[in-house]
Each structure stands twice: as C-alpha cells, then as structure tokens.
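Next comes input_36.pdb, a file with PDB, C-alpha atoms.
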ATOM      1  CA  GLY A   1     -13.520  11.399  -2.184
ATOM      2  CA  GLN A   2     -10.676  10.071  -4.220
ATOM      3  CA  GLN A   3     -11.323   6.894  -6.159
ATOM      4  CA  VAL A   4      -8.981   4.581  -7.977
ATOM      5  CA  GLN A   5     -10.326   2.157 -10.571
ATOM      6  CA  GLN A   6      -8.162  -0.746 -11.698
ATOM      7  CA  SER A   7      -8.760  -2.993 -14.671
ATOM      8  CA  PRO A   8      -8.971  -5.790 -15.361
ATOM      9  CA  THR A   9      -9.907  -7.335 -12.032
ATOM     10  CA  SER A  10      -8.219 -10.573 -12.996
ATOM     11  CA  LEU A  11      -6.170 -11.828 -15.896
ATOM     12  CA  VAL A  12      -4.889 -15.210 -17.027
ATOM     13  CA  LEU A  13      -1.965 -15.400 -19.436
ATOM     14  CA  GLN A  14       0.064 -18.069 -21.100
ATOM     15  CA  GLU A  15       3.742 -17.741 -20.346
ATOM     16  CA  GLY A  16       5.336 -15.403 -22.851
ATOM     17  CA  GLU A  17       2.235 -13.290 -23.472
ATOM     18  CA  ASN A  18       2.089  -9.570 -22.731
ATOM     19  CA  ALA A  19      -0.243  -7.815 -20.288
ATOM     20  CA  GLU A  20      -1.517  -4.273 -19.886
ATOM     21  CA  LEU A  21      -2.899  -3.228 -16.496
ATOM     22  CA  GLN A  22      -4.791   0.042 -16.166
ATOM     23  CA  CYS A  23      -5.431   2.475 -13.363
ATOM     24  CA  ASN A  24      -7.776   5.464 -13.547
ATOM     25  CA  PHE A  25      -8.083   8.207 -10.966
ATOM     26  CA  SER A  26     -11.120  10.341 -10.122
ATOM     27  CA  THR A  27      -9.107  13.387  -9.020
ATOM     28  CA  SER A  28      -5.804  14.999  -9.861
ATOM     29  CA  LEU A  29      -2.795  13.212  -8.440
ATOM     30  CA  ASN A  30       0.529  14.258  -7.042
ATOM     31  CA  SER A  31       2.215  10.888  -6.986
ATOM     32  CA  MET A  32       1.578   7.421  -8.273
ATOM     33  CA  GLN A  33       2.969   4.033  -7.267
ATOM     34  CA  TRP A  34       2.589   0.460  -8.502
ATOM     35  CA  PHE A  35       2.961  -2.460  -6.088
ATOM     36  CA  TYR A  36       3.265  -6.220  -6.433
ATOM     37  CA  GLN A  37       1.895  -8.562  -3.782
ATOM     38  CA  ARG A  38       1.988 -12.342  -3.446
ATOM     39  CA  PRO A  39      -0.757 -14.068  -1.406
ATOM     40  CA  GLY A  40       0.025 -13.453   2.243
ATOM     41  CA  GLY A  41       2.926 -11.224   1.321
ATOM     42  CA  SER A  42       3.904  -7.626   1.695
ATOM     43  CA  LEU A  43       3.658  -4.849  -0.853
ATOM     44  CA  ILE A  44       6.721  -4.582  -3.031
ATOM     45  CA  SER A  45       7.121  -1.289  -4.829
ATOM     46  CA  VAL A  46       7.404  -1.895  -8.564
ATOM     47  CA  PHE A  47       7.367   1.703  -9.764
ATOM     48  CA  TYR A  48       7.130   5.134  -8.267
ATOM     49  CA  ASN A  49       6.008   7.054 -11.320
ATOM     50  CA  PRO A  50       4.253  10.409 -10.828
ATOM     51  CA  SER A  51       4.436  11.192 -14.548
ATOM     52  CA  GLY A  52       5.896   9.969 -17.804
ATOM     53  CA  THR A  53       7.287   6.556 -18.634
ATOM     54  CA  LYS A  54       9.620   4.353 -16.653
ATOM     55  CA  GLN A  55      11.012   0.950 -17.553
ATOM     56  CA  SER A  56      12.590  -1.762 -15.494
ATOM     57  CA  GLY A  57      13.422  -4.963 -17.313
ATOM     58  CA  ARG A  58      10.203  -6.402 -18.731
ATOM     59  CA  LEU A  59       8.023  -3.889 -16.877
ATOM     60  CA  THR A  60       7.024  -0.455 -18.169
ATOM     61  CA  SER A  61       4.887   2.117 -16.383
ATOM     62  CA  THR A  62       3.292   5.125 -18.071
ATOM     63  CA  THR A  63       1.459   7.840 -16.154
ATOM     64  CA  VAL A  64      -0.479  10.576 -17.962
ATOM     65  CA  ILE A  65      -1.453  13.184 -15.395
ATOM     66  CA  LYS A  66      -3.827  15.182 -17.625
ATOM     67  CA  GLU A  67      -5.801  12.039 -18.429
ATOM     68  CA  ARG A  68      -5.668  10.826 -14.810
ATOM     69  CA  ARG A  69      -4.467   7.374 -15.713
ATOM     70  CA  SER A  70      -1.513   5.083 -15.329
ATOM     71  CA  SER A  71      -0.660   1.755 -16.936
ATOM     72  CA  LEU A  72       1.668  -1.128 -16.201
ATOM     73  CA  HIS A  73       2.862  -3.178 -19.143
ATOM     74  CA  ILE A  74       4.358  -6.612 -18.593
ATOM     75  CA  SER A  75       6.121  -8.090 -21.581
ATOM     76  CA  SER A  76       7.005 -11.747 -22.108
ATOM     77  CA  SER A  77       5.218 -12.781 -18.926
ATOM     78  CA  GLN A  78       6.731 -15.445 -16.669
ATOM     79  CA  ILE A  79       5.141 -17.763 -14.125
ATOM     80  CA  THR A  80       6.864 -15.811 -11.353
ATOM     81  CA  ASP A  81       4.935 -12.685 -12.405
ATOM     82  CA  SER A  82       1.784 -14.250 -10.948
ATOM     83  CA  GLY A  83       0.301 -12.313  -8.052
ATOM     84  CA  THR A  84      -1.683  -9.161  -7.413
ATOM     85  CA  TYR A  85      -0.724  -5.765  -8.811
ATOM     86  CA  LEU A  86      -1.961  -2.711  -6.954
ATOM     87  CA  CYS A  87      -1.835   0.899  -8.027
ATOM     88  CA  ALA A  88      -2.051   3.797  -5.608
ATOM     89  CA  MET A  89      -2.293   7.521  -6.044
ATOM     90  CA  GLY A  90      -0.996  10.231  -3.756
ATOM     91  CA  SER A  91      -3.182  13.250  -3.120
ATOM     92  CA  ASN A  92      -2.214  16.883  -3.507
ATOM     93  CA  MET A  93      -1.371  16.824   0.174
ATOM     94  CA  GLY A  94       1.096  14.071  -0.612
ATOM     95  CA  TYR A  95       0.664  12.438   2.724
ATOM     96  CA  LYS A  96      -1.354   9.337   1.946
ATOM     97  CA  LEU A  97      -1.958   6.789  -0.772
ATOM     98  CA  THR A  98      -5.374   5.786  -2.060
ATOM     99  CA  PHE A  99      -5.308   2.254  -3.414
ATOM    100  CA  GLY A 100      -7.143   0.471  -6.163
ATOM    101  CA  THR A 101      -8.502  -3.003  -5.431
ATOM    102  CA  GLY A 102      -5.890  -4.695  -7.582
ATOM    103  CA  THR A 103      -5.471  -6.899 -10.623
ATOM    104  CA  SER A 104      -4.953 -10.597  -9.934
ATOM    105  CA  LEU A 105      -2.572 -12.031 -12.533
ATOM    106  CA  LEU A 106      -2.048 -15.723 -13.172
ATOM    107  CA  VAL A 107       0.587 -16.834 -15.648
ATOM    108  CA  ASP A 108       0.222 -20.439 -16.748
ATOM    109  CA  PRO A 109       3.048 -22.525 -18.213
TER     110      PRO A 109
ATOM    111  CA  GLU B 110      18.008  -0.302   1.224
ATOM    112  CA  ALA B 111      14.780   0.877   2.848
ATOM    113  CA  ALA B 112      13.794  -1.179   5.848
ATOM    114  CA  VAL B 113      10.458  -1.285   7.651
ATOM    115  CA  THR B 114       9.855  -3.989  10.230
ATOM    116  CA  GLN B 115       6.714  -4.905  12.126
ATOM    117  CA  SER B 116       5.999  -6.913  15.266
ATOM    118  CA  PRO B 117       4.344  -9.180  15.978
ATOM    119  CA  ARG B 118       3.884 -10.834  12.596
ATOM    120  CA  ASN B 119       0.867 -12.759  13.812
ATOM    121  CA  LYS B 120      -1.420 -12.021  16.736
ATOM    122  CA  VAL B 121      -4.531 -13.637  18.172
ATOM    123  CA  ALA B 122      -6.459 -11.452  20.598
ATOM    124  CA  VAL B 123      -9.701 -11.709  22.518
ATOM    125  CA  THR B 124     -12.603  -9.336  22.140
ATOM    126  CA  GLY B 125     -12.226  -6.428  24.540
ATOM    127  CA  GLY B 126      -8.522  -6.910  24.966
ATOM    128  CA  LYS B 127      -5.810  -4.361  24.238
ATOM    129  CA  VAL B 128      -3.552  -4.886  21.238
ATOM    130  CA  THR B 129      -0.431  -2.951  20.300
ATOM    131  CA  LEU B 130       1.158  -3.322  16.875
ATOM    132  CA  SER B 131       4.668  -1.957  16.492
ATOM    133  CA  CYS B 132       6.560  -0.621  13.516
ATOM    134  CA  ASN B 133      10.193   0.376  13.160
ATOM    135  CA  GLN B 134      11.891   2.046  10.195
ATOM    136  CA  THR B 135      15.566   2.664   9.562
ATOM    137  CA  ASN B 136      15.025   4.968   6.568
ATOM    138  CA  ASN B 137      15.047   8.170   8.613
ATOM    139  CA  HIS B 138      11.742   9.085   6.945
ATOM    140  CA  ASN B 139       9.586  11.716   8.563
ATOM    141  CA  ASN B 140       6.260  10.219   7.496
ATOM    142  CA  MET B 141       4.871   6.928   8.706
ATOM    143  CA  TYR B 142       1.514   5.272   7.991
ATOM    144  CA  TRP B 143      -0.722   2.469   9.210
ATOM    145  CA  TYR B 144      -3.013   0.724   6.692
ATOM    146  CA  ARG B 145      -5.264  -2.286   6.940
ATOM    147  CA  GLN B 146      -5.993  -4.646   4.070
ATOM    148  CA  ASP B 147      -9.295  -6.465   3.743
ATOM    149  CA  THR B 148     -10.772  -8.457   0.889
ATOM    150  CA  GLY B 149     -13.172  -6.256  -1.032
ATOM    151  CA  HIS B 150     -11.842  -3.035   0.468
ATOM    152  CA  GLY B 151      -8.215  -3.033  -0.531
ATOM    153  CA  LEU B 152      -5.837  -1.027   1.626
ATOM    154  CA  ARG B 153      -7.186   1.785   3.752
ATOM    155  CA  LEU B 154      -5.340   4.378   5.823
ATOM    156  CA  ILE B 155      -5.944   4.300   9.580
ATOM    157  CA  HIS B 156      -3.451   6.794  11.037
ATOM    158  CA  TYR B 157      -0.311   8.547   9.906
ATOM    159  CA  SER B 158       2.416  10.724  11.349
ATOM    160  CA  TYR B 159       4.592  13.570  10.125
ATOM    161  CA  GLY B 160       7.286  13.006  12.722
ATOM    162  CA  ALA B 161       8.010  12.235  16.349
ATOM    163  CA  GLY B 162       5.183  13.331  18.599
ATOM    164  CA  SER B 163       2.637  13.783  15.795
ATOM    165  CA  THR B 164      -0.291  11.568  14.860
ATOM    166  CA  GLU B 165      -3.085  12.280  12.396
ATOM    167  CA  LYS B 166      -6.331  10.505  11.613
ATOM    168  CA  GLY B 167      -6.611   8.726   8.305
ATOM    169  CA  ASP B 168      -9.716   7.514   6.528
ATOM    170  CA  ILE B 169     -10.831   4.876   9.073
ATOM    171  CA  PRO B 170      -9.477   5.886  12.513
ATOM    172  CA  ASP B 171     -12.404   4.771  14.686
ATOM    173  CA  GLY B 172     -11.362   2.176  17.252
ATOM    174  CA  TYR B 173      -7.649   2.868  16.790
ATOM    175  CA  LYS B 174      -5.051   5.080  18.395
ATOM    176  CA  ALA B 175      -1.523   5.761  17.242
ATOM    177  CA  SER B 176       1.699   6.747  18.937
ATOM    178  CA  ARG B 177       4.945   8.114  17.450
ATOM    179  CA  PRO B 178       7.468   8.340  20.269
ATOM    180  CA  SER B 179      10.476   8.680  17.990
ATOM    181  CA  GLN B 180      11.477   9.101  14.352
ATOM    182  CA  GLU B 181      11.936   5.341  14.025
ATOM    183  CA  ASN B 182       8.894   3.941  15.835
ATOM    184  CA  PHE B 183       5.173   4.136  15.146
ATOM    185  CA  SER B 184       2.605   2.059  17.044
ATOM    186  CA  LEU B 185      -1.027   1.244  16.401
ATOM    187  CA  ILE B 186      -3.132   0.635  19.497
ATOM    188  CA  LEU B 187      -6.457  -1.129  19.730
ATOM    189  CA  GLU B 188      -7.731  -0.320  23.235
ATOM    190  CA  LEU B 189     -10.789  -2.579  23.011
ATOM    191  CA  ALA B 190     -10.308  -5.044  20.187
ATOM    192  CA  THR B 191     -13.369  -6.229  18.256
ATOM    193  CA  PRO B 192     -13.775  -9.057  15.701
ATOM    194  CA  SER B 193     -14.309  -6.440  12.969
ATOM    195  CA  GLN B 194     -10.673  -5.434  13.467
ATOM    196  CA  THR B 195      -9.493  -8.827  12.271
ATOM    197  CA  SER B 196      -7.328  -7.905   9.310
ATOM    198  CA  VAL B 197      -3.805  -7.618   7.953
ATOM    199  CA  TYR B 198      -2.085  -4.419   9.064
ATOM    200  CA  PHE B 199       0.721  -2.769   7.138
ATOM    201  CA  CYS B 200       3.058  -0.035   8.266
ATOM    202  CA  ALA B 201       4.822   2.185   5.762
ATOM    203  CA  SER B 202       7.292   5.039   5.742
ATOM    204  CA  GLY B 203       7.957   7.821   3.256
ATOM    205  CA  GLU B 204       9.860  11.048   2.919
ATOM    206  CA  ALA B 205       8.127  14.305   3.710
ATOM    207  CA  GLY B 206       7.126  16.597   0.878
ATOM    208  CA  THR B 207       4.023  18.195  -0.573
ATOM    209  CA  GLY B 208       4.881  16.746  -3.938
ATOM    210  CA  GLY B 209       4.342  13.230  -2.748
ATOM    211  CA  SER B 210       6.915  10.522  -2.264
ATOM    212  CA  GLU B 211       7.477   6.819  -2.579
ATOM    213  CA  GLN B 212       6.261   4.718   0.311
ATOM    214  CA  TYR B 213       7.990   1.612   1.644
ATOM    215  CA  PHE B 214       5.974  -1.090   3.336
ATOM    216  CA  GLY B 215       6.665  -3.515   6.150
ATOM    217  CA  PRO B 216       5.883  -7.252   5.997
ATOM    218  CA  GLY B 217       2.478  -6.923   7.647
ATOM    219  CA  THR B 218       0.849  -8.176  10.847
ATOM    220  CA  ARG B 219      -2.000 -10.648  10.662
ATOM    221  CA  LEU B 220      -4.401  -9.921  13.542
ATOM    222  CA  THR B 221      -7.253 -12.210  14.517
ATOM    223  CA  VAL B 222      -9.710 -11.046  17.149
ATOM    224  CA  LEU B 223     -11.823 -13.858  18.587
TER     225      LEU B 223
END
Using structure tokens, write down the structure from this file.
Amino acid sequence: GQQVQQSPTSLVLQEGENAELQCNFSTSLNSMQWFYQRPGGSLISVFYNPSGTKQSGRLTSTTVIKERRSSLHISSSQITDSGTYLCAMGSNMGYKLTFGTGTSLLVDP
Amino acid sequence: EAAVTQSPRNKVAVTGGKVTLSCNQTNNHNNMYWYRQDTGHGLRLIHYSYGAGSTEKGDIPDGYKASRPSQENFSLILELATPSQTSVYFCASGEAGTGGSEQYFGPGTRLTVL
C-alpha cells in the first residue's frame, strides 16, 4: 500500500534558525498537503501543494512529483512554530489522504 | 472560510455501549471523511462519503459504521464500543474530483472507552 515517510522525526531549533522537513512517498501522488498540529489540537492546513513551489510568509513548500517527495522549509523560526508538522498524500483516486507520522518541532528561545 | 464542526468534543463511554460521533460542514463539499489519530500510527481513514446517502469503507473500517443523511452531516457510529477504540477522531471535508483536493479538518473528538 501507499507509504509516507517523514524526516526528521523530531527537531530542536534555536529561535531564528531555519528548518527543512522532508516527505517521501512510495507511490505516485495526485495531491499533497502539509498540516500543522499543536498538542491536543486540530490539523491546520499549511499548504495544499500537488506540485511546484508555494510560499506563505516564512514557509515554503516544494513538491517534485517525479521524485515522489515534498519539503517544507521554515525560515527564521519562531517559538510559536513549535508543534507537529504532518504531510499527507492523495492517491490517484483522490478520495483519501495517507499521512506520515509527523515531525515534532521545538523552537527554543 | 471553511468550517467543519464536531460533537461531542469529549466523550467517555463504557465497553459495549453505542457511541455516535457527529460532524457538520458548511463548505458544501461533496466528500467527507472520518480519521482516527493514535500515537505511533498517525492518522488513518475509517470511512468516507462522496455525498448524501453514500458511505465507503476506508483503511480501518472494522467496528465502525458511518451515515451521511445530508450534504452537511456525516456521523461515525460505534455499535459496540471497545477500549481499543479509545482515540482522537477527526472529521474532514473536501471537494470532489479525481485530481485530488484540499481537505479541511474539524477540531476533533476525544473518545475514551472504559
């Protein structure tokens, strides 16, 4: 079945440092979404990015379909960026998302 | 702004009891989904729906039923709750389309089965 591998599993940064989160997919994808989640919180969509590069403020997502990978770049990290980042791929059917197990990010002052 | 709401937000149930989790969306999306989130497993799809009257099995449907009586509402039903169904449940909605679409999630329901 479809598998989604996220790396790193966890990451600790000093405020102001940059981070690169990776997501690799075992099969071809039709859609791709990045989520942010605080402990006990809901999933907040950060990017819907099936292909190419998208930027929103300090966040940039790049999806390369042929290489079956997507990345999330966080620049000039802030304490409020702390939380878990999840990537999810949509299948060719487009009806469901398969999730990675997440990257836990902690930004220290 | 997309809006998906869930009720209840927290639920404690007894083993063998019936539990109904409700989801409402005001996005007018055709597709709706139920996921559960567990440590070590991430989020997994239980049931989904393409529109009113339709329900489909996801990756882990055993022990769950779903009901989609209208475009806006999608319920997850545990007829005989078991402790292994203790989890956080998320509902989501998305537009229809074979090309895939963005999904919007509700706040989650924390279910504890004793």
Sorted by chain and rising residue number, which residues of chain B lie within 8 Å of chain A, and what are their closest atom pairs and distances in Å to one decimal, counting all atoms listed in the file, as JSON lines?
{"residue": "B:Asn140", "atom": "CA", "partner": "A:Tyr95", "partner_atom": "CA", "distance": 7.7}
{"residue": "B:Tyr142", "atom": "CA", "partner": "A:Lys96", "partner_atom": "CA", "distance": 7.8}
{"residue": "B:Gly149", "atom": "CA", "partner": "A:Thr101", "partner_atom": "CA", "distance": 7.2}
{"residue": "B:His150", "atom": "CA", "partner": "A:Thr101", "partner_atom": "CA", "distance": 6.8}
{"residue": "B:Gly151", "atom": "CA", "partner": "A:Thr101", "partner_atom": "CA", "distance": 4.9}
{"residue": "B:Leu152", "atom": "CA", "partner": "A:Phe99", "partner_atom": "CA", "distance": 6.0}
{"residue": "B:Arg153", "atom": "CA", "partner": "A:Thr98", "partner_atom": "CA", "distance": 7.3}
{"residue": "B:Leu154", "atom": "CA", "partner": "A:Lys96", "partner_atom": "CA", "distance": 7.5}
{"residue": "B:Phe199", "atom": "CA", "partner": "A:Ser42", "partner_atom": "CA", "distance": 8.0}
{"residue": "B:Ala205", "atom": "CA", "partner": "A:Tyr95", "partner_atom": "CA", "distance": 7.8}
{"residue": "B:Gly206", "atom": "CA", "partner": "A:Gly94", "partner_atom": "CA", "distance": 6.7}
{"residue": "B:Thr207", "atom": "CA", "partner": "A:Gly94", "partner_atom": "CA", "distance": 5.1}
{"residue": "B:Gly208", "atom": "CA", "partner": "A:Gly94", "partner_atom": "CA", "distance": 5.7}
{"residue": "B:Gly209", "atom": "CA", "partner": "A:Gly94", "partner_atom": "CA", "distance": 4.0}
{"residue": "B:Ser210", "atom": "CA", "partner": "A:Ser31", "partner_atom": "CA", "distance": 6.7}
{"residue": "B:Glu211", "atom": "CA", "partner": "A:Tyr48", "partner_atom": "CA", "distance": 5.9}
{"residue": "B:Gln212", "atom": "CA", "partner": "A:Ser45", "partner_atom": "CA", "distance": 8.0}
{"residue": "B:Tyr213", "atom": "CA", "partner": "A:Ser45", "partner_atom": "CA", "distance": 7.1}
{"residue": "B:Phe214", "atom": "CA", "partner": "A:Leu43", "partner_atom": "CA", "distance": 6.1}
{"residue": "B:Gly215", "atom": "CA", "partner": "A:Ser42", "partner_atom": "CA", "distance": 6.7}
{"residue": "B:Pro216", "atom": "CA", "partner": "A:Ser42", "partner_atom": "CA", "distance": 4.8}
{"residue": "B:Gly217", "atom": "CA", "partner": "A:Ser42", "partner_atom": "CA", "distance": 6.2}
Write the residues you've just listed into a file as a short mmCIF file (atom, residue, chain, number, x, y, z; two decimals), in the coordinates of the input, and include C-alpha atoms for each of them.
data_model
loop_
_atom_site.label_atom_id
_atom_site.label_comp_id
_atom_site.auth_asym_id
_atom_site.auth_seq_id
_atom_site.Cartn_x
_atom_site.Cartn_y
_atom_site.Cartn_z
CA ASN B 140 6.26 10.22 7.50
CA TYR B 142 1.51 5.27 7.99
CA GLY B 149 -13.17 -6.26 -1.03
CA HIS B 150 -11.84 -3.04 0.47
CA GLY B 151 -8.22 -3.03 -0.53
CA LEU B 152 -5.84 -1.03 1.63
CA ARG B 153 -7.19 1.78 3.75
CA LEU B 154 -5.34 4.38 5.82
CA PHE B 199 0.72 -2.77 7.14
CA ALA B 205 8.13 14.30 3.71
CA GLY B 206 7.13 16.60 0.88
CA THR B 207 4.02 18.20 -0.57
CA GLY B 208 4.88 16.75 -3.94
CA GLY B 209 4.34 13.23 -2.75
CA SER B 210 6.92 10.52 -2.26
CA GLU B 211 7.48 6.82 -2.58
CA GLN B 212 6.26 4.72 0.31
CA TYR B 213 7.99 1.61 1.64
CA PHE B 214 5.97 -1.09 3.34
CA GLY B 215 6.66 -3.52 6.15
CA PRO B 216 5.88 -7.25 6.00
CA GLY B 217 2.48 -6.92 7.65
#
Fill in: Atomic distance CA of Lys166 in chain B - CA of Asn24 in chain A, expressed in Å with one decimal
25.7 Å
Practice prompt. Considering only C-alpha atoms, state which residue in the set A:Leu106, A:Cys87, A:Ala19, A:Leu11 is at the smallest distance from Arg58 in chain A.
Written response: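 Among the listed residues, A:Ala19 lies closest to Arg58 in chain A.
For the structure in this document, the set picked by the PyMOL selection byres ((chain B and resi 115) around 9) is B:Val113, B:Thr114, B:Ser116, B:Pro117, B:Arg118, B:Leu130, B:Ser131, B:Cys132, B:Asn133, B:Gln134, B:Phe199, B:Cys200, B:Gly215, B:Pro216, B:Gly217, B:Thr218.
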Discussion item. Translate the PyMOL selection byres ((chain B and resi 126) around 8) into a concrete residue list for this structure, as a list of chain:residue names.
Written reply: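 Applied to this file, the PyMOL selection byres ((chain B and resi 126) around 8) returns B:Ala122, B:Val123, B:Thr124, B:Gly125, B:Lys127, B:Val128, B:Glu188, B:Leu189, B:Ala190.
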Worksheet item: So what do you get for CA of His73 in chain A versus CA of Asn18 in chain A, distance-wise?
Response: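 For CA of His73 in chain A relative to CA of Asn18 in chain A, the distance reads 7.4 Å.
One finds CA of Ala112 in chain B at 23.5 Å from CA of Gly57 in chain A.
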Item to complete: Extract, using all atoms listed in the file, all DNA, RNA and protein residues at most 7 Å from Gly52 in chain A, discarding same-chain residues fewer than 2 positions from it, and format them as a list of chain:residue names.
Response: A:Lys54, A:Thr62, A:Thr63, A:Val64
Worksheet entry | Given the PyMOL selection byres ((chain B and resi 169) around 9), the residues it picks as a ChimeraX atom specification | /B:153-156,166-168,170-173
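Residues with any atom within 12 Å of the point (11.1, -7.1, -25.7), counting all atoms listed in the file, are Gly16, Glu17, Asn18, Gln55, Ser56, Gly57, Arg58, Leu59, Thr60, His73, Ile74, Ser75, Ser76 and Ser77 of chain A.
The residue that comes closest to Leu220 in chain B, out of B:Pro178, B:Ser202, B:Glu165, B:Ser193 and on the basis of all atoms listed in the file, is B:Ser193.
Every residue within 10 Å of the file position (18.5, 4.1, 11.2), judged by all atoms listed in the file, is given as Ala111, Ala112, Asn133, Gln134, Thr135, Asn136, Asn137, His138, Gln180 and Glu181 of chain B.
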Any chance you could export the current selection's C-alpha atoms as a CSV table (one decimal), in the coordinates of the input?
chain,number,residue,atom,x,y,z
B,111,ALA,CA,14.8,0.9,2.8
B,112,ALA,CA,13.8,-1.2,5.8
B,133,ASN,CA,10.2,0.4,13.2
B,134,GLN,CA,11.9,2.0,10.2
B,135,THR,CA,15.6,2.7,9.6
B,136,ASN,CA,15.0,5.0,6.6
B,137,ASN,CA,15.0,8.2,8.6
B,138,HIS,CA,11.7,9.1,6.9
B,180,GLN,CA,11.5,9.1,14.4
B,181,GLU,CA,11.9,5.3,14.0
Worksheet item: Any idea what's packed within 9 Å of Leu21 in chain A, counting all atoms listed in the file, ignoring anything in its chain fewer than 2 positions away? Could you give it as a VMD selection string?
Response: chain A and resid 6 to 8 19 23 70 to 74 85 103
